[in-house]
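> Structure file model28.txt (compact mmCIF, C-alpha atoms) right here:
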```txt
# COMPACT_ATOMS: atom_id res chain seq x y z
CA THR A 8 0.52 2.13 25.34
CA ILE A 9 3.17 -0.14 26.83
CA MET A 10 6.65 0.70 28.09
CA CYS A 11 9.73 -0.77 26.41
CA SER A 12 13.26 -0.19 27.65
CA THR A 13 16.54 -1.41 26.19
CA GLN A 14 19.33 -1.91 28.68
CA PRO A 15 22.92 -2.61 27.61
CA SER A 16 23.80 -3.71 31.19
CA ALA A 17 27.47 -4.72 31.21
CA LEU A 18 28.07 -2.89 27.92
CA SER A 19 26.93 0.50 29.18
CA ALA A 20 30.37 1.63 30.40
CA ALA A 21 31.53 1.80 26.79
CA ALA A 22 28.41 3.44 25.44
CA GLY A 23 28.68 6.29 22.93
CA THR A 24 26.25 8.38 20.93
CA PHE A 25 24.35 7.33 17.84
CA PRO A 26 25.81 8.29 14.46
CA TRP A 27 22.68 10.19 13.48
CA ASN A 28 21.40 13.31 15.18
CA PRO A 29 17.90 13.95 16.62
CA THR A 30 16.78 15.73 13.44
CA SER A 31 17.83 12.93 11.07
CA ALA A 32 17.29 9.19 10.79
CA PRO A 33 19.25 6.08 9.78
CA PRO A 34 19.52 5.76 5.99
CA LEU A 35 18.20 2.20 6.18
CA ILE A 36 16.92 -0.25 8.78
CA LEU A 37 17.26 -3.91 7.80
CA GLY A 38 15.91 -6.82 9.81
CA ILE A 39 16.76 -10.51 9.62
CA GLY A 40 14.05 -13.10 10.17
CA MET A 41 14.56 -16.51 11.79
CA ASN A 42 18.27 -15.93 12.36
CA PHE A 43 18.41 -17.87 15.61
CA ALA A 44 18.19 -21.64 15.26
CA SER A 45 16.07 -21.85 18.41
CA HIS A 46 13.60 -19.27 17.09
CA ALA A 47 13.21 -21.02 13.72
CA LYS A 48 12.54 -24.25 15.59
CA GLU A 49 9.84 -22.73 17.81
CA LEU A 50 8.12 -21.37 14.67
CA GLY A 51 8.24 -24.83 13.10
CA LYS A 52 10.37 -23.56 10.21
CA PRO A 53 13.51 -25.07 8.63
CA LEU A 54 16.75 -23.15 9.07
CA PRO A 55 17.09 -20.58 6.29
CA THR A 56 19.81 -21.19 3.70
CA GLU A 57 20.11 -17.45 3.02
CA PRO A 58 19.31 -14.50 5.32
CA VAL A 59 15.60 -13.62 5.42
CA VAL A 60 15.64 -9.84 4.96
CA PHE A 61 12.97 -7.23 5.65
CA SER A 62 13.01 -3.50 6.39
CA LYS A 63 11.50 -1.14 8.93
CA GLY A 64 10.70 2.54 8.54
CA ALA A 65 12.45 5.33 10.44
CA ASN A 66 9.03 6.15 11.91
CA THR A 67 9.35 3.03 14.08
CA ILE A 68 12.31 4.29 16.14
CA VAL A 69 11.67 5.47 19.69
CA ALA A 70 14.12 6.02 22.53
CA SER A 71 14.62 3.45 25.23
CA GLY A 72 11.97 3.84 27.93
CA SER A 73 9.47 5.51 25.62
CA PRO A 74 5.85 4.37 25.43
CA VAL A 75 4.93 2.03 22.59
CA VAL A 76 1.54 2.54 20.95
CA LEU A 77 -0.54 -0.60 20.34
CA PRO A 78 -2.28 0.00 16.98
CA PRO A 79 -6.01 -0.76 16.91
CA GLU A 80 -5.51 -2.59 13.59
CA GLU A 81 -3.15 -5.12 15.19
CA PRO A 82 -4.28 -7.21 18.18
CA LYS A 83 -1.20 -9.47 18.24
CA VAL A 84 1.78 -7.23 19.03
CA ASP A 85 4.86 -9.25 20.03
CA PHE A 86 8.31 -8.50 21.44
CA GLU A 87 11.67 -9.47 19.89
CA GLY A 88 14.83 -8.63 21.82
CA GLU A 89 17.75 -8.18 19.40
CA LEU A 90 21.33 -7.06 18.90
CA ALA A 91 21.53 -4.19 16.41
CA ALA A 92 24.72 -3.58 14.40
CA ILE A 93 25.30 -0.07 13.06
CA ILE A 94 27.39 0.38 9.91
CA GLY A 95 30.07 3.06 9.70
CA PRO A 96 31.84 5.36 9.80
CA LYS A 97 32.51 4.62 6.11
CA PRO A 98 30.17 3.10 3.49
CA CYS A 99 30.34 -0.66 3.09
CA LYS A 100 29.99 -2.63 -0.17
CA ASP A 101 31.02 -6.09 -1.39
CA VAL A 102 32.95 -6.94 1.75
CA SER A 103 34.11 -10.43 2.66
CA VAL A 104 33.10 -12.22 5.84
CA GLU A 105 36.67 -11.77 7.09
CA GLU A 106 36.57 -7.96 6.78
CA ALA A 107 32.90 -7.42 7.55
CA LEU A 108 33.22 -6.59 11.25
CA SER A 109 35.58 -3.74 10.38
CA CYS A 110 32.52 -2.09 8.81
CA VAL A 111 30.64 -1.99 12.13
CA TRP A 112 30.60 1.39 13.86
CA GLY A 113 28.93 0.07 16.97
CA TYR A 114 26.17 -2.00 18.52
CA CYS A 115 23.04 -1.29 20.50
CA VAL A 116 20.04 -3.05 21.99
CA ALA A 117 16.77 -3.22 20.04
CA ASN A 118 13.23 -4.49 20.41
CA ASP A 119 11.90 -5.42 16.95
CA LEU A 120 8.21 -5.24 17.79
CA SER A 121 6.03 -7.18 15.37
CA GLY A 122 2.33 -7.39 14.57
CA ARG A 123 1.76 -11.11 14.16
CA SER A 124 -1.65 -10.97 12.48
CA TRP A 125 -0.26 -8.72 9.74
CA GLN A 126 2.91 -10.80 9.54
CA PHE A 127 1.28 -14.20 9.15
CA GLU A 128 -2.42 -13.80 8.33
CA HIS A 129 -3.04 -10.81 6.05
CA PHE A 130 -2.99 -10.79 2.25
CA ASN A 131 -1.88 -14.11 0.84
CA GLY A 132 0.20 -15.30 3.75
CA GLY A 133 1.42 -12.18 5.47
CA GLN A 134 3.00 -8.77 5.20
CA TRP A 135 6.35 -8.71 7.03
CA VAL A 136 7.30 -5.09 6.34
CA ARG A 137 3.84 -3.77 7.23
CA SER A 138 3.70 -5.87 10.39
CA LYS A 139 6.92 -4.36 11.68
CA SER A 140 6.50 -0.74 10.57
CA PHE A 141 3.85 0.69 12.88
CA ASP A 142 4.85 3.84 14.73
CA THR A 143 7.00 3.19 17.85
CA PHE A 144 7.76 -0.43 16.83
CA LEU A 145 11.54 -0.11 17.28
CA PRO A 146 12.70 0.90 20.76
CA LEU A 147 16.43 1.41 20.24
CA GLY A 148 19.31 2.31 22.51
CA PRO A 149 19.77 3.78 24.96
CA THR A 150 23.18 4.42 23.36
CA MET A 151 25.59 2.90 20.87
CA VAL A 152 28.53 0.85 22.12
CA HIS A 153 31.61 1.31 19.93
CA ALA A 154 32.60 -1.81 17.99
CA SER A 155 36.05 -1.80 19.58
CA GLN A 156 34.37 -2.75 22.86
CA ILE A 157 32.68 -5.81 21.32
CA PRO A 158 35.42 -7.87 19.64
CA ASP A 159 33.14 -10.91 19.27
CA PRO A 160 29.43 -10.18 18.74
CA GLN A 161 28.75 -13.92 18.78
CA SER A 162 29.58 -14.20 22.49
CA LEU A 163 26.81 -12.01 23.91
CA GLN A 164 23.70 -12.91 25.90
CA ILE A 165 20.28 -11.45 25.02
CA THR A 166 17.71 -11.35 27.82
CA THR A 167 14.15 -10.09 27.37
CA LYS A 168 11.79 -9.63 30.30
CA LEU A 169 8.05 -8.99 30.29
CA ASN A 170 6.81 -7.42 33.51
CA GLY A 171 9.95 -8.76 35.20
CA GLU A 172 9.58 -12.33 33.93
CA VAL A 173 12.35 -13.68 31.70
CA MET A 174 10.91 -14.56 28.28
CA GLN A 175 14.07 -14.77 26.16
CA ASP A 176 17.56 -15.70 27.35
CA CYS A 177 19.96 -16.90 24.68
CA SER A 178 23.50 -16.50 23.37
CA THR A 179 24.20 -14.82 20.05
CA ALA A 180 26.20 -17.96 19.27
CA ASP A 181 22.81 -19.44 18.31
CA MET A 182 22.63 -17.19 15.22
CA VAL A 183 22.25 -19.06 11.94
CA PHE A 184 24.25 -16.34 10.16
CA SER A 185 26.84 -14.44 12.19
CA VAL A 186 26.96 -10.66 12.21
CA ALA A 187 29.93 -10.83 9.81
CA GLU A 188 28.09 -13.18 7.47
CA LEU A 189 25.03 -10.92 7.47
CA ILE A 190 27.06 -7.84 6.54
CA ALA A 191 28.89 -9.71 3.78
CA SER A 192 25.57 -10.90 2.35
CA LEU A 193 23.74 -7.57 2.65
CA SER A 194 26.63 -5.63 1.08
CA LYS A 195 26.72 -7.68 -2.14
CA SER A 196 26.26 -5.12 -4.94
CA SER A 197 24.57 -2.88 -2.36
CA THR A 198 26.16 0.03 -0.53
CA LEU A 199 25.39 0.08 3.20
CA LEU A 200 25.64 3.74 4.13
CA PRO A 201 26.99 4.94 7.48
CA GLY A 202 24.30 4.75 10.12
CA THR A 203 22.53 1.77 8.53
CA VAL A 204 20.96 -0.35 11.27
CA ILE A 205 20.97 -4.15 10.96
CA LEU A 206 18.66 -5.99 13.35
CA THR A 207 20.40 -9.36 13.59
CA GLY A 208 17.50 -11.55 14.70
CA THR A 209 15.71 -12.67 17.84
CA PRO A 210 16.08 -15.87 19.88
CA LYS A 211 13.41 -18.27 21.05
CA GLY A 212 10.79 -17.24 23.57
CA VAL A 213 8.63 -14.78 21.64
CA GLY A 214 5.03 -14.44 22.75
CA HIS A 215 3.60 -15.77 19.48
CA SER A 216 5.16 -19.20 19.98
CA ARG A 217 3.93 -19.73 23.52
CA THR A 218 0.93 -21.84 24.55
CA PRO A 219 -1.26 -19.93 24.88
CA PRO A 220 0.29 -17.04 22.92
CA ARG A 221 1.28 -14.01 25.00
CA TYR A 222 0.81 -10.80 23.08
CA LEU A 223 1.48 -7.37 24.56
CA ARG A 224 -1.28 -5.60 26.47
CA GLU A 225 -1.87 -2.13 27.86
CA GLY A 226 0.36 -1.52 30.86
CA ASP A 227 2.98 -4.18 30.02
CA VAL A 228 6.66 -3.35 30.53
CA VAL A 229 9.25 -4.99 28.27
CA SER A 230 12.99 -4.73 28.92
CA VAL A 231 15.82 -6.06 26.77
CA ALA A 232 19.41 -6.39 28.02
CA ILE A 233 22.57 -7.59 26.28
CA SER A 234 25.66 -8.57 28.23
```
As structure tokens - that is how I would like this structure written.


Amino acid sequence: TIMCSTQPSALSAAAGTFPWNPTSAPPLILGIGMNFASHAKELGKPLPTEPVVFSKGANTIVASGSPVVLPPEEPKVDFEGELAAIIGPKPCKDVSVEEALSCVWGYCVANDLSGRSWQFEHFNGGQWVRSKSFDTFLPLGPTMVHASQIPDPQSLQITTKLNGEVMQDCSTADMVFSVAELIASLSKSSTLLPGTVILTGTPKGVGHSRTPPRYLREGDVVSVAIS
């Protein structure tokens, strides 16, 4: 196991509770791939012209500070510090970019852990959903910050540390698609129910893109902060 903590740092004073209770789960968890220009560049990929969407199972969620289990089937587990937007308190469908942020209940810190061998090597070029849906692969929290405390989600700084060393440090201004643009796109002919979690993408600095690659090992400690 490894330890992963998510720290809202400067945002913690406004922190609230999550919109789901301990006996339930979010109705949907959606992730966005290559949504930071710097991350797409480090992967050697062109900038996407539409959001690259995948999903994660509710089984992946663990509380901040909880151990993460490294599956024996996946030797290349990687970290991805991210800003998570939580939809609510009302359902959201067919909203414009201009009104999209009014559909956000709050924000929290996330670590979208990914199994890179499953993502890029297995079964005809990779299995994104499978690679990201192992148990404990979504440390989330520790609490939700109400949207009223974050008027501009594109002016935040995401910092990921591995054993105290800074690995990712980037502004959300580097997003290819803003939070508002993501919600507008995802809500087209699709109802986003209250509590839906949108993982808005990770910046450059992931272990997979380093030389040599740096995948997570037993005893590692990963922390993600957004300020």

> What are the nearest atom pairs, with distances in Å to one decimal, for all residues of range 134-221 of chain A that come at most 7 Å from range 90-114 of chain A, using all atoms listed in the file, set out by chain and rising residue number as JSON lines?


```
{"residue": "A:Met151", "atom": "CA", "partner": "A:Tyr114", "partner_atom": "CA", "distance": 5.5}
{"residue": "A:Val152", "atom": "CA", "partner": "A:Tyr114", "partner_atom": "CA", "distance": 5.2}
{"residue": "A:His153", "atom": "CA", "partner": "A:Gly113", "partner_atom": "CA", "distance": 4.2}
{"residue": "A:Ala154", "atom": "CA", "partner": "A:Gly113", "partner_atom": "CA", "distance": 4.2}
{"residue": "A:Ala187", "atom": "CA", "partner": "A:Ala107", "partner_atom": "CA", "distance": 5.1}
{"residue": "A:Glu188", "atom": "CA", "partner": "A:Val104", "partner_atom": "CA", "distance": 5.4}
{"residue": "A:Ile190", "atom": "CA", "partner": "A:Ala107", "partner_atom": "CA", "distance": 5.9}
{"residue": "A:Ala191", "atom": "CA", "partner": "A:Val104", "partner_atom": "CA", "distance": 5.3}
{"residue": "A:Ser194", "atom": "CA", "partner": "A:Lys100", "partner_atom": "CA", "distance": 4.7}
{"residue": "A:Lys195", "atom": "CA", "partner": "A:Asp101", "partner_atom": "CA", "distance": 4.6}
{"residue": "A:Ser196", "atom": "CA", "partner": "A:Asp101", "partner_atom": "CA", "distance": 6.0}
{"residue": "A:Ser197", "atom": "CA", "partner": "A:Lys100", "partner_atom": "CA", "distance": 5.9}
{"residue": "A:Thr198", "atom": "CA", "partner": "A:Lys100", "partner_atom": "CA", "distance": 4.7}
{"residue": "A:Leu199", "atom": "CA", "partner": "A:Cys99", "partner_atom": "CA", "distance": 5.0}
{"residue": "A:Leu200", "atom": "CA", "partner": "A:Pro98", "partner_atom": "CA", "distance": 4.6}
{"residue": "A:Pro201", "atom": "CA", "partner": "A:Gly95", "partner_atom": "CA", "distance": 4.2}
{"residue": "A:Gly202", "atom": "CA", "partner": "A:Ile94", "partner_atom": "CA", "distance": 5.4}
{"residue": "A:Thr203", "atom": "CA", "partner": "A:Ile94", "partner_atom": "CA", "distance": 5.2}
{"residue": "A:Val204", "atom": "CA", "partner": "A:Ile93", "partner_atom": "CA", "distance": 4.7}
{"residue": "A:Ile205", "atom": "CA", "partner": "A:Ala92", "partner_atom": "CA", "distance": 5.1}
{"residue": "A:Leu206", "atom": "CA", "partner": "A:Ala91", "partner_atom": "CA", "distance": 4.6}
{"residue": "A:Thr207", "atom": "CA", "partner": "A:Leu90", "partner_atom": "CA", "distance": 5.9}
```

> Identify which of the residues A:Gly212, A:Pro160, A:Gly226, A:Pro220 lies closest to Lys83 in chain A, counting only C-alpha atoms when measuring atom-to-atom distances.

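Ranking A:Gly212, A:Pro160, A:Gly226, A:Pro220 by distance to Lys83 in chain A, first place goes to A:Pro220.
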
> What is the distance between CA of Glu81 in chain A and CA of Thr209 in chain A, in Å to one decimal?

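About the pair CA of Glu81 in chain A and CA of Thr209 in chain A: they are 20.5 Å apart.
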
> Restricting the calculation to all atoms listed in the file, which member of A:Ala180, A:Leu54, A:Ala117, A:Leu163 is positioned closest to Gly38 in chain A?

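For Gly38 in chain A, the nearest of the given residues is A:Ala117.
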
> Calculated over only C-alpha atoms, which of the candidates A:Ser162, A:Ser230, A:Ser185, A:Ser140 has the smallest distance to Phe61 in chain A?

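Looking only at the distances to Phe61 in chain A, the closest residue turns out to be A:Ser140.
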
> Excluding same-chain residues fewer than 3 positions from Gly40 in chain A, what lies within 12 Å of it counting all atoms listed in the file, as an mmCIF file with C-alpha atoms, keeping the file's coordinate frame?


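Done, and the output landed in result.cif:
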```
data_model
loop_
_atom_site.group_PDB
_atom_site.id
_atom_site.type_symbol
_atom_site.label_atom_id
_atom_site.label_comp_id
_atom_site.auth_asym_id
_atom_site.auth_seq_id
_atom_site.Cartn_x
_atom_site.Cartn_y
_atom_site.Cartn_z
ATOM 1 C CA LEU A 37 17.260 -3.910 7.800
ATOM 2 C CA PHE A 43 18.410 -17.870 15.610
ATOM 3 C CA ALA A 44 18.190 -21.640 15.260
ATOM 4 C CA HIS A 46 13.600 -19.270 17.090
ATOM 5 C CA ALA A 47 13.210 -21.020 13.720
ATOM 6 C CA LEU A 50 8.120 -21.370 14.670
ATOM 7 C CA LYS A 52 10.370 -23.560 10.210
ATOM 8 C CA LEU A 54 16.750 -23.150 9.070
ATOM 9 C CA PRO A 55 17.090 -20.580 6.290
ATOM 10 C CA THR A 56 19.810 -21.190 3.700
ATOM 11 C CA GLU A 57 20.110 -17.450 3.020
ATOM 12 C CA PRO A 58 19.310 -14.500 5.320
ATOM 13 C CA VAL A 59 15.600 -13.620 5.420
ATOM 14 C CA VAL A 60 15.640 -9.840 4.960
ATOM 15 C CA PHE A 61 12.970 -7.230 5.650
ATOM 16 C CA SER A 62 13.010 -3.500 6.390
ATOM 17 C CA GLU A 87 11.670 -9.470 19.890
ATOM 18 C CA GLU A 89 17.750 -8.180 19.400
ATOM 19 C CA ASP A 119 11.900 -5.420 16.950
ATOM 20 C CA SER A 121 6.030 -7.180 15.370
ATOM 21 C CA GLN A 126 2.910 -10.800 9.540
ATOM 22 C CA TRP A 135 6.350 -8.710 7.030
ATOM 23 C CA VAL A 136 7.300 -5.090 6.340
ATOM 24 C CA LYS A 139 6.920 -4.360 11.680
ATOM 25 C CA MET A 182 22.630 -17.190 15.220
ATOM 26 C CA VAL A 183 22.250 -19.060 11.940
ATOM 27 C CA PHE A 184 24.250 -16.340 10.160
ATOM 28 C CA LEU A 189 25.030 -10.920 7.470
ATOM 29 C CA ILE A 205 20.970 -4.150 10.960
ATOM 30 C CA LEU A 206 18.660 -5.990 13.350
ATOM 31 C CA THR A 207 20.400 -9.360 13.590
ATOM 32 C CA GLY A 208 17.500 -11.550 14.700
ATOM 33 C CA THR A 209 15.710 -12.670 17.840
ATOM 34 C CA PRO A 210 16.080 -15.870 19.880
#
```

> Would you mind reading off the distance between CA of Lys211 in chain A and CA of Ala32 in chain A, one decimal, in Å?

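Answer for the CA of Lys211 in chain A to CA of Ala32 in chain A separation: 29.6 Å.
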
> Between CA of Asn42 in chain A and CA of Asn170 in chain A, what is the spacing in Å?

25.5 Å

> Compare A:Thr218, A:Thr67, A:Ser45, A:Ser73 by their minimum atom-to-atom distance to Arg137 in chain A, counting only C-alpha atoms, and give me the closest one.

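Ranked by minimum distance to Arg137 in chain A, first place goes to A:Thr67.
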
> Out of A:Leu120, A:Val186, A:Leu223, A:Ile233, which residue has the shortest atom-to-atom distance to Thr143 in chain A when counting all atoms listed in the file?

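So, comparing all the options, the nearest one is A:Leu120.
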
> Counting only C-alpha atoms, which of A:Lys168, A:Ser234, A:Asp85, A:Gln175 gets nearest to Arg221 in chain A?

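Of the candidates, the smallest distance to Arg221 in chain A is held by A:Asp85.
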